[in-house]
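As provided, model37.cif (mmCIF, C-alpha atoms) reads as follows.
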```
data_final
#
loop_
_atom_site.group_PDB
_atom_site.id
_atom_site.type_symbol
_atom_site.label_atom_id
_atom_site.label_comp_id
_atom_site.auth_asym_id
_atom_site.auth_seq_id
_atom_site.Cartn_x
_atom_site.Cartn_y
_atom_site.Cartn_z
ATOM 1 C CA MET A 1 70.815 118.854 114.361
ATOM 2 C CA THR A 2 70.050 115.125 114.296
ATOM 3 C CA ASN A 3 66.401 114.129 114.281
ATOM 4 C CA ASP A 4 65.113 111.410 116.579
ATOM 5 C CA ILE A 5 63.402 108.338 115.154
ATOM 6 C CA SER A 6 60.557 106.619 116.985
ATOM 7 C CA LEU A 7 59.984 102.872 116.583
ATOM 8 C CA THR A 8 58.849 99.868 118.574
ATOM 9 C CA ILE A 9 60.945 96.836 119.473
ATOM 10 C CA ASN A 10 58.921 93.889 120.750
ATOM 11 C CA GLY A 11 56.137 96.379 121.453
ATOM 12 C CA LEU A 12 58.421 98.663 123.459
ATOM 13 C CA ALA A 13 58.510 102.311 122.345
ATOM 14 C CA VAL A 14 62.069 103.387 121.553
ATOM 15 C CA LYS A 15 63.494 106.710 120.375
ATOM 16 C CA VAL A 16 67.000 106.936 118.879
ATOM 17 C CA PRO A 17 68.950 109.390 116.702
ATOM 18 C CA GLU A 18 68.472 109.199 112.956
ATOM 19 C CA GLY A 19 71.078 106.903 111.403
ATOM 20 C CA ALA A 20 71.103 104.424 114.278
ATOM 21 C CA THR A 21 70.777 100.731 113.478
ATOM 22 C CA ILE A 22 68.164 98.378 114.869
ATOM 23 C CA LEU A 23 70.890 96.781 116.989
ATOM 24 C CA GLU A 24 71.865 100.137 118.484
ATOM 25 C CA ALA A 25 68.221 100.950 119.152
ATOM 26 C CA ALA A 26 67.700 97.600 120.858
ATOM 27 C CA GLN A 27 70.823 98.009 122.975
ATOM 28 C CA SER A 28 69.736 101.488 124.055
ATOM 29 C CA ALA A 29 66.458 99.970 125.267
ATOM 30 C CA GLY A 30 68.108 97.019 127.006
ATOM 31 C CA VAL A 31 66.781 94.496 124.466
ATOM 32 C CA TYR A 32 69.202 91.640 123.781
ATOM 33 C CA ILE A 33 70.002 90.694 120.189
ATOM 34 C CA PRO A 34 72.756 88.081 119.746
ATOM 35 C CA THR A 35 75.705 89.064 117.548
ATOM 36 C CA LEU A 36 78.920 87.454 116.420
ATOM 37 C CA CYS A 37 80.468 89.484 113.600
ATOM 38 C CA HIS A 38 79.485 92.872 115.057
ATOM 39 C CA CYS A 39 82.170 94.833 116.902
ATOM 40 C CA PRO A 40 81.769 98.391 118.254
ATOM 41 C CA GLY A 41 83.932 100.889 116.384
ATOM 42 C CA LEU A 42 83.998 98.831 113.177
ATOM 43 C CA THR A 43 81.702 98.845 110.165
ATOM 44 C CA SER A 44 79.011 96.178 110.323
ATOM 45 C CA GLU A 45 78.779 93.651 107.506
ATOM 46 C CA GLY A 46 76.068 91.331 108.828
ATOM 47 C CA THR A 47 77.921 88.246 107.652
ATOM 48 C CA CYS A 48 77.167 85.957 110.599
ATOM 49 C CA ARG A 49 73.345 86.296 110.266
ATOM 50 C CA ILE A 50 72.925 85.690 113.994
ATOM 51 C CA CYS A 51 71.312 89.097 114.591
ATOM 52 C CA LEU A 52 68.446 88.625 112.121
ATOM 53 C CA VAL A 53 65.158 90.234 113.191
ATOM 54 C CA LYS A 54 61.670 90.735 111.800
ATOM 55 C CA ILE A 55 60.361 94.067 110.549
ATOM 56 C CA GLU A 56 56.614 94.515 110.252
ATOM 57 C CA ASN A 57 55.340 94.265 106.640
ATOM 58 C CA LYS A 58 58.688 92.931 105.414
ATOM 59 C CA LYS A 59 58.855 89.366 104.093
ATOM 60 C CA LYS A 60 62.454 88.504 104.875
ATOM 61 C CA LEU A 61 64.525 88.758 108.046
ATOM 62 C CA HIS A 62 67.004 91.625 108.330
ATOM 63 C CA PRO A 63 70.410 91.876 110.064
ATOM 64 C CA ALA A 64 69.937 94.214 113.023
ATOM 65 C CA CYS A 65 73.579 95.333 112.986
ATOM 66 C CA ARG A 66 73.367 97.054 109.594
ATOM 67 C CA THR A 67 69.702 97.911 109.121
ATOM 68 C CA PRO A 68 68.983 101.590 109.882
ATOM 69 C CA VAL A 69 65.889 102.463 111.882
ATOM 70 C CA LYS A 70 62.963 104.217 110.223
ATOM 71 C CA GLU A 71 60.123 106.250 111.649
ATOM 72 C CA GLY A 72 57.280 104.025 112.822
ATOM 73 C CA MET A 73 59.231 100.809 112.276
ATOM 74 C CA ALA A 74 57.973 97.822 114.279
ATOM 75 C CA VAL A 75 60.663 95.255 115.055
ATOM 76 C CA VAL A 76 60.444 91.771 116.555
ATOM 77 C CA THR A 77 63.746 90.423 117.858
ATOM 78 C CA ASP A 78 62.710 86.984 119.077
ATOM 79 C CA ASP A 79 60.021 84.475 118.125
ATOM 80 C CA ALA A 80 59.869 80.821 117.057
ATOM 81 C CA GLU A 81 60.953 81.497 113.457
ATOM 82 C CA ILE A 82 63.837 83.781 114.423
ATOM 83 C CA GLU A 83 64.978 81.298 117.059
ATOM 84 C CA ARG A 84 64.942 78.459 114.510
ATOM 85 C CA VAL A 85 66.937 80.456 111.949
ATOM 86 C CA ARG A 86 69.524 81.474 114.545
ATOM 87 C CA ARG A 87 69.878 77.905 115.766
ATOM 88 C CA VAL A 88 70.395 76.528 112.253
ATOM 89 C CA THR A 89 72.921 79.298 111.518
ATOM 90 C CA LEU A 90 74.775 78.436 114.708
ATOM 91 C CA GLU A 91 74.760 74.729 113.829
ATOM 92 C CA LEU A 92 76.318 75.478 110.443
ATOM 93 C CA LEU A 93 79.097 77.395 112.223
ATOM 94 C CA LEU A 94 79.653 74.516 114.620
ATOM 95 C CA SER A 95 79.662 71.894 111.865
ATOM 96 C CA ASP A 96 83.321 72.532 111.007
ATOM 97 C CA HIS A 97 84.442 74.280 114.190
ATOM 98 C CA ASP A 98 86.904 72.821 116.670
ATOM 99 C CA PHE A 99 84.690 73.398 119.695
ATOM 100 C CA ASN A 100 86.351 71.332 122.405
ATOM 101 C CA CYS A 101 85.521 74.060 124.897
ATOM 102 C CA LEU A 102 87.057 72.358 127.928
ATOM 103 C CA LEU A 103 90.510 72.533 126.328
ATOM 104 C CA CYS A 104 90.099 75.987 124.794
ATOM 105 C CA PRO A 105 92.069 78.908 126.305
ATOM 106 C CA LYS A 106 89.098 81.200 125.723
ATOM 107 C CA SER A 107 86.553 79.002 127.480
ATOM 108 C CA GLY A 108 84.280 81.229 129.520
ATOM 109 C CA THR A 109 84.985 84.354 127.456
ATOM 110 C CA CYS A 110 84.241 82.981 123.968
ATOM 111 C CA ARG A 111 81.300 84.625 122.206
ATOM 112 C CA LEU A 112 80.534 81.493 120.188
ATOM 113 C CA GLN A 113 80.362 79.494 123.409
ATOM 114 C CA GLU A 114 78.081 82.157 124.878
ATOM 115 C CA LEU A 115 75.717 81.853 121.910
ATOM 116 C CA VAL A 116 75.668 78.062 122.180
ATOM 117 C CA ASN A 117 74.654 78.417 125.819
ATOM 118 C CA ARG A 118 71.959 80.986 124.989
ATOM 119 C CA ILE A 119 70.568 79.615 121.723
ATOM 120 C CA GLY A 120 71.415 75.917 121.945
ATOM 121 C CA PHE A 121 71.634 73.472 119.059
ATOM 122 C CA ASP A 122 70.108 70.204 117.878
ATOM 123 C CA GLU A 123 72.826 67.566 118.253
ATOM 124 C CA ARG A 124 71.080 65.122 115.914
ATOM 125 C CA ARG A 125 70.788 67.732 113.181
ATOM 126 C CA LEU A 126 74.398 68.767 113.747
ATOM 127 C CA ASN A 127 75.496 65.152 113.300
ATOM 128 C CA ARG A 128 73.534 64.943 110.041
ATOM 129 C CA LEU A 129 75.635 67.813 108.728
ATOM 130 C CA ASN A 130 78.561 65.349 108.659
ATOM 131 C CA ARG A 131 80.521 67.474 111.087
ATOM 132 C CA VAL A 132 84.204 67.410 110.193
ATOM 133 C CA ALA A 133 86.412 69.711 112.244
ATOM 134 C CA LYS A 134 89.158 71.424 110.283
ATOM 135 C CA ASP A 135 92.686 70.198 110.818
ATOM 136 C CA LEU A 136 94.802 73.108 109.609
ATOM 137 C CA PRO A 137 98.268 73.970 110.966
ATOM 138 C CA VAL A 138 98.404 76.567 113.742
ATOM 139 C CA ASP A 139 100.584 79.587 112.908
ATOM 140 C CA THR A 140 102.858 80.214 115.892
ATOM 141 C CA SER A 141 105.387 82.297 113.957
ATOM 142 C CA ASN A 142 104.474 85.644 115.526
ATOM 143 C CA PRO A 143 106.312 86.258 118.833
ATOM 144 C CA PHE A 144 103.223 87.786 120.471
ATOM 145 C CA PHE A 145 100.221 85.738 119.322
ATOM 146 C CA ASP A 146 99.151 82.485 117.685
ATOM 147 C CA PHE A 147 96.644 82.042 114.864
ATOM 148 C CA ASN A 148 94.531 78.881 114.905
ATOM 149 C CA PRO A 149 92.490 78.749 111.666
ATOM 150 C CA ASN A 150 90.562 75.759 113.026
ATOM 151 C CA LYS A 151 88.884 78.150 115.469
ATOM 152 C CA CYS A 152 88.173 80.840 112.858
ATOM 153 C CA ILE A 153 84.450 81.540 112.351
ATOM 154 C CA GLN A 154 84.917 83.884 109.360
ATOM 155 C CA CYS A 155 83.384 86.842 111.225
ATOM 156 C CA GLY A 156 85.798 89.268 109.541
ATOM 157 C CA ILE A 157 86.445 91.278 112.712
ATOM 158 C CA CYS A 158 90.222 90.876 112.395
ATOM 159 C CA VAL A 159 90.077 91.951 108.742
ATOM 160 C CA ARG A 160 88.077 95.101 109.513
ATOM 161 C CA THR A 161 90.225 95.883 112.549
ATOM 162 C CA CYS A 162 93.440 95.749 110.531
ATOM 163 C CA ARG A 163 91.894 97.784 107.715
ATOM 164 C CA GLU A 164 89.877 100.373 109.646
ATOM 165 C CA ILE A 165 91.737 100.781 112.941
ATOM 166 C CA VAL A 166 95.351 100.000 112.079
ATOM 167 C CA GLY A 167 95.346 100.766 108.348
ATOM 168 C CA VAL A 168 97.779 97.979 107.509
ATOM 169 C CA HIS A 169 95.616 95.458 105.573
ATOM 170 C CA ALA A 170 97.678 92.533 106.844
ATOM 171 C CA ILE A 171 94.671 90.187 106.999
ATOM 172 C CA ASP A 172 91.868 89.418 104.584
ATOM 173 C CA MET A 173 89.412 86.612 103.945
ATOM 174 C CA GLY A 174 91.083 84.049 101.715
ATOM 175 C CA TYR A 175 89.879 81.005 99.754
ATOM 176 C CA ARG A 176 86.219 80.155 99.172
ATOM 177 C CA GLY A 177 83.428 77.950 100.453
ATOM 178 C CA TYR A 178 84.512 75.383 103.024
ATOM 179 C CA GLU A 179 88.103 76.621 102.690
ATOM 180 C CA LEU A 180 87.211 80.219 103.624
ATOM 181 C CA LYS A 181 89.342 81.626 106.432
ATOM 182 C CA ALA A 182 91.154 84.738 107.576
ATOM 183 C CA SER A 183 94.683 84.779 106.217
ATOM 184 C CA THR A 184 97.629 86.975 105.346
ATOM 185 C CA PHE A 185 98.468 87.871 101.743
ATOM 186 C CA GLY A 186 99.566 84.669 100.038
ATOM 187 C CA ASP A 187 98.679 82.774 103.223
ATOM 188 C CA LYS A 188 102.177 83.455 104.537
ATOM 189 C CA PRO A 189 103.094 82.963 108.203
ATOM 190 C CA PHE A 190 102.364 86.108 110.206
ATOM 191 C CA LYS A 191 106.074 86.734 110.791
ATOM 192 C CA ASP A 192 106.577 86.996 107.011
ATOM 193 C CA SER A 193 103.577 89.276 106.440
ATOM 194 C CA VAL A 194 103.129 93.040 106.806
ATOM 195 C CA CYS A 195 101.578 92.514 110.267
ATOM 196 C CA VAL A 196 102.924 95.077 112.769
ATOM 197 C CA SER A 197 102.068 92.942 115.840
ATOM 198 C CA CYS A 198 99.887 95.662 117.352
ATOM 199 C CA GLY A 199 97.527 93.100 118.868
ATOM 200 C CA GLU A 200 94.343 94.962 117.916
ATOM 201 C CA CYS A 201 92.908 91.973 116.024
ATOM 202 C CA VAL A 202 93.815 89.621 118.872
ATOM 203 C CA GLU A 203 92.011 91.869 121.341
ATOM 204 C CA ARG A 204 88.820 91.825 119.254
ATOM 205 C CA CYS A 205 88.737 88.180 118.107
ATOM 206 C CA PRO A 206 85.508 86.719 119.556
ATOM 207 C CA VAL A 207 86.836 83.154 119.651
ATOM 208 C CA ALA A 208 90.249 81.517 120.087
ATOM 209 C CA ALA A 209 91.421 81.930 116.497
ATOM 210 C CA LEU A 210 93.803 84.709 117.556
ATOM 211 C CA ILE A 211 95.189 84.410 121.069
ATOM 212 C CA PRO A 212 98.147 86.034 122.840
ATOM 213 C CA LYS A 213 101.083 83.768 123.630
ATOM 214 C CA LYS A 214 100.447 84.171 127.366
ATOM 215 C CA MET A 215 97.083 82.366 127.041
ATOM 216 C CA GLU A 216 98.109 78.746 127.357
ATOM 217 C CA TYR A 217 95.983 75.696 126.692
ATOM 218 C CA PRO A 218 95.133 73.716 129.839
#
```
Serialized structure, structure tokens:
Amino acid sequence: MTNDISLTINGLAVKVPEGATILEAAQSAGVYIPTLCHCPGLTSEGTCRICLVKIENKKKLHPACRTPVKEGMAVVTDDAEIERVRRVTLELLLSDHDFNCLLCPKSGTCRLQELVNRIGFDERRLNRLNRVAKDLPVDTSNPFFDFNPNKCIQCGICVRTCREIVGVHAIDMGYRGYELKASTFGDKPFKDSVCVSCGECVERCPVAALIPKKMEYP
């Protein structure tokens, strides 16, 4: 039998099953915590750092999506420091992202766009980051979907989907640093990879990096 854990989130008393994460506890209580790399049904890696929260008596911020709750834990999900960290993290994502939202086929359903609207960003600071959008070729080789690496935010959802749901391992994170992106083995076109065209990664992609052929640009 699973024990229940009692904690507070922003002063609100919450009770969840043992093993739940802070994010799950917050969601059960109707408390919003922004996420980008988290996807229900997949393991959480906390790579995007958007869901960072404060835990009482802890010095550093913790990713809510992968931090398990503990008895008596006191969590703060939103204050000036957390807001600043999230905004800077978002600005770093935008600094090399092709975010011409008006011409994007996922405009209105894009999670990155949603976070920009909720969190905002400092345009002057973003400009100081020497924003240079990537200009990589779009892979249109697959008959069912296109892959635009210029839209990739390195969330890893497609990688985990292919590994944990499909069991094919057709996608992984390739290269390093500024060059980091989701790619097939050897960075081959999707049609020449082991991809089975199931569409699971396309369905879960939070941005327009993976889009079905039927979604056309305006």
### Query
Applied to the shown file, which residues does the PyMOL selection byres ((chain A and resi 13-26) around 7) return, written as a PyMOL selection string?
chain A and resi 2-9+11-12+27-33+64-69
### Message
Set the distance at 12 Å and use all atoms listed in the file: which residues neighbour region 205-214 of chain A once local chain neighbours fewer than 5 positions away are removed? I'd like the list as a VMD selection string.
### Response
chain A and resid 35 to 39 97 to 101 103 to 115 136 to 162 171 181 to 183 190 197 to 200
Restrict the selected residues to C-alpha atoms and save them as a compact mmCIF listing (two decimals), in the coordinates of the input.
```
# COMPACT_ATOMS: atom_id res chain seq x y z
CA THR A 35 75.70 89.06 117.55
CA LEU A 36 78.92 87.45 116.42
CA CYS A 37 80.47 89.48 113.60
CA HIS A 38 79.48 92.87 115.06
CA CYS A 39 82.17 94.83 116.90
CA HIS A 97 84.44 74.28 114.19
CA ASP A 98 86.90 72.82 116.67
CA PHE A 99 84.69 73.40 119.70
CA ASN A 100 86.35 71.33 122.40
CA CYS A 101 85.52 74.06 124.90
CA LEU A 103 90.51 72.53 126.33
CA CYS A 104 90.10 75.99 124.79
CA PRO A 105 92.07 78.91 126.30
CA LYS A 106 89.10 81.20 125.72
CA SER A 107 86.55 79.00 127.48
CA GLY A 108 84.28 81.23 129.52
CA THR A 109 84.98 84.35 127.46
CA CYS A 110 84.24 82.98 123.97
CA ARG A 111 81.30 84.62 122.21
CA LEU A 112 80.53 81.49 120.19
CA GLN A 113 80.36 79.49 123.41
CA GLU A 114 78.08 82.16 124.88
CA LEU A 115 75.72 81.85 121.91
CA LEU A 136 94.80 73.11 109.61
CA PRO A 137 98.27 73.97 110.97
CA VAL A 138 98.40 76.57 113.74
CA ASP A 139 100.58 79.59 112.91
CA THR A 140 102.86 80.21 115.89
CA SER A 141 105.39 82.30 113.96
CA ASN A 142 104.47 85.64 115.53
CA PRO A 143 106.31 86.26 118.83
CA PHE A 144 103.22 87.79 120.47
CA PHE A 145 100.22 85.74 119.32
CA ASP A 146 99.15 82.48 117.68
CA PHE A 147 96.64 82.04 114.86
CA ASN A 148 94.53 78.88 114.90
CA PRO A 149 92.49 78.75 111.67
CA ASN A 150 90.56 75.76 113.03
CA LYS A 151 88.88 78.15 115.47
CA CYS A 152 88.17 80.84 112.86
CA ILE A 153 84.45 81.54 112.35
CA GLN A 154 84.92 83.88 109.36
CA CYS A 155 83.38 86.84 111.22
CA GLY A 156 85.80 89.27 109.54
CA ILE A 157 86.44 91.28 112.71
CA CYS A 158 90.22 90.88 112.40
CA VAL A 159 90.08 91.95 108.74
CA ARG A 160 88.08 95.10 109.51
CA THR A 161 90.22 95.88 112.55
CA CYS A 162 93.44 95.75 110.53
CA ILE A 171 94.67 90.19 107.00
CA LYS A 181 89.34 81.63 106.43
CA ALA A 182 91.15 84.74 107.58
CA SER A 183 94.68 84.78 106.22
CA PHE A 190 102.36 86.11 110.21
CA SER A 197 102.07 92.94 115.84
CA CYS A 198 99.89 95.66 117.35
CA GLY A 199 97.53 93.10 118.87
CA GLU A 200 94.34 94.96 117.92
```
### Output check: residues returned by the PyMOL selection byres ((chain A and resi 73-82) around 7), as a ChimeraX atom specification
/A:7-10,33,53-56,69-72,83-86
### Message
Could you check the closest approach to Lys191 (chain A) for each of A:Ile50, A:Val116, A:Leu94, A:Ala170 and tell me which residue wins, using only C-alpha atoms?
### Response
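Residue with the minimum atom-to-atom distance to Lys191 (chain A): A:Ala170.
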Fill-in result for region 82-113 of chain A, N, CA and C atoms as a CSV table (one decimal), keeping the file's coordinate frame:
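Ended up saving to result04.csv:
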```csv
chain,number,residue,atom,x,y,z
A,82,ILE,N,62.5,83.2,114.2
A,82,ILE,CA,63.8,83.8,114.4
A,82,ILE,C,64.7,82.8,115.2
A,83,GLU,N,64.2,82.2,116.2
A,83,GLU,CA,65.0,81.3,117.1
A,83,GLU,C,65.5,80.1,116.2
A,84,ARG,N,64.6,79.6,115.4
A,84,ARG,CA,64.9,78.5,114.5
A,84,ARG,C,66.1,78.8,113.5
A,85,VAL,N,65.9,80.0,112.9
A,85,VAL,CA,66.9,80.5,111.9
A,85,VAL,C,68.3,80.7,112.6
A,86,ARG,N,68.3,81.3,113.8
A,86,ARG,CA,69.5,81.5,114.5
A,86,ARG,C,70.2,80.1,114.9
A,87,ARG,N,69.3,79.2,115.3
A,87,ARG,CA,69.9,77.9,115.8
A,87,ARG,C,70.5,77.2,114.6
A,88,VAL,N,69.8,77.2,113.4
A,88,VAL,CA,70.4,76.5,112.3
A,88,VAL,C,71.7,77.2,111.8
A,89,THR,N,71.7,78.5,111.9
A,89,THR,CA,72.9,79.3,111.5
A,89,THR,C,74.1,78.9,112.4
A,90,LEU,N,73.8,78.8,113.7
A,90,LEU,CA,74.8,78.4,114.7
A,90,LEU,C,75.3,77.0,114.5
A,91,GLU,N,74.4,76.1,114.1
A,91,GLU,CA,74.8,74.7,113.8
A,91,GLU,C,75.7,74.6,112.6
A,92,LEU,N,75.4,75.5,111.6
A,92,LEU,CA,76.3,75.5,110.4
A,92,LEU,C,77.7,76.0,110.8
A,93,LEU,N,77.8,76.9,111.7
A,93,LEU,CA,79.1,77.4,112.2
A,93,LEU,C,79.8,76.3,113.0
A,94,LEU,N,79.1,75.6,113.8
A,94,LEU,CA,79.7,74.5,114.6
A,94,LEU,C,80.1,73.3,113.8
A,95,SER,N,79.5,73.1,112.6
A,95,SER,CA,79.7,71.9,111.9
A,95,SER,C,81.1,71.7,111.5
A,96,ASP,N,81.9,72.7,111.3
A,96,ASP,CA,83.3,72.5,111.0
A,96,ASP,C,84.2,73.3,112.0
A,97,HIS,N,83.7,73.5,113.2
A,97,HIS,CA,84.4,74.3,114.2
A,97,HIS,C,85.0,73.3,115.2
A,98,ASP,N,86.3,73.6,115.6
A,98,ASP,CA,86.9,72.8,116.7
A,98,ASP,C,86.4,73.4,118.0
A,99,PHE,N,85.3,72.8,118.5
A,99,PHE,CA,84.7,73.4,119.7
A,99,PHE,C,84.8,72.5,120.9
A,100,ASN,N,86.0,72.0,121.2
A,100,ASN,CA,86.4,71.3,122.4
A,100,ASN,C,86.6,72.4,123.5
A,101,CYS,N,85.5,72.9,124.0
A,101,CYS,CA,85.5,74.1,124.9
A,101,CYS,C,86.3,73.8,126.2
A,102,LEU,N,86.3,72.6,126.7
A,102,LEU,CA,87.1,72.4,127.9
A,102,LEU,C,88.6,72.6,127.8
A,103,LEU,N,89.1,72.4,126.6
A,103,LEU,CA,90.5,72.5,126.3
A,103,LEU,C,90.9,73.8,125.6
A,104,CYS,N,89.9,74.7,125.5
A,104,CYS,CA,90.1,76.0,124.8
A,104,CYS,C,90.5,77.1,125.8
A,105,PRO,N,91.6,77.8,125.4
A,105,PRO,CA,92.1,78.9,126.3
A,105,PRO,C,91.1,80.0,126.5
A,106,LYS,N,90.1,80.1,125.6
A,106,LYS,CA,89.1,81.2,125.7
A,106,LYS,C,87.8,80.7,126.3
A,107,SER,N,87.8,79.5,126.9
A,107,SER,CA,86.6,79.0,127.5
A,107,SER,C,86.1,79.9,128.6
A,108,GLY,N,84.8,80.3,128.5
A,108,GLY,CA,84.3,81.2,129.5
A,108,GLY,C,84.2,82.7,129.0
A,109,THR,N,85.0,83.0,128.0
A,109,THR,CA,85.0,84.4,127.5
A,109,THR,C,84.7,84.3,125.9
A,110,CYS,N,84.5,83.2,125.4
A,110,CYS,CA,84.2,83.0,124.0
A,110,CYS,C,82.8,83.4,123.6
A,111,ARG,N,82.6,84.2,122.6
A,111,ARG,CA,81.3,84.6,122.2
A,111,ARG,C,80.5,83.5,121.5
A,112,LEU,N,81.2,82.6,120.8
A,112,LEU,CA,80.5,81.5,120.2
A,112,LEU,C,80.0,80.6,121.3
A,113,GLN,N,80.8,80.3,122.3
A,113,GLN,CA,80.4,79.5,123.4
A,113,GLN,C,79.2,80.1,124.1
```
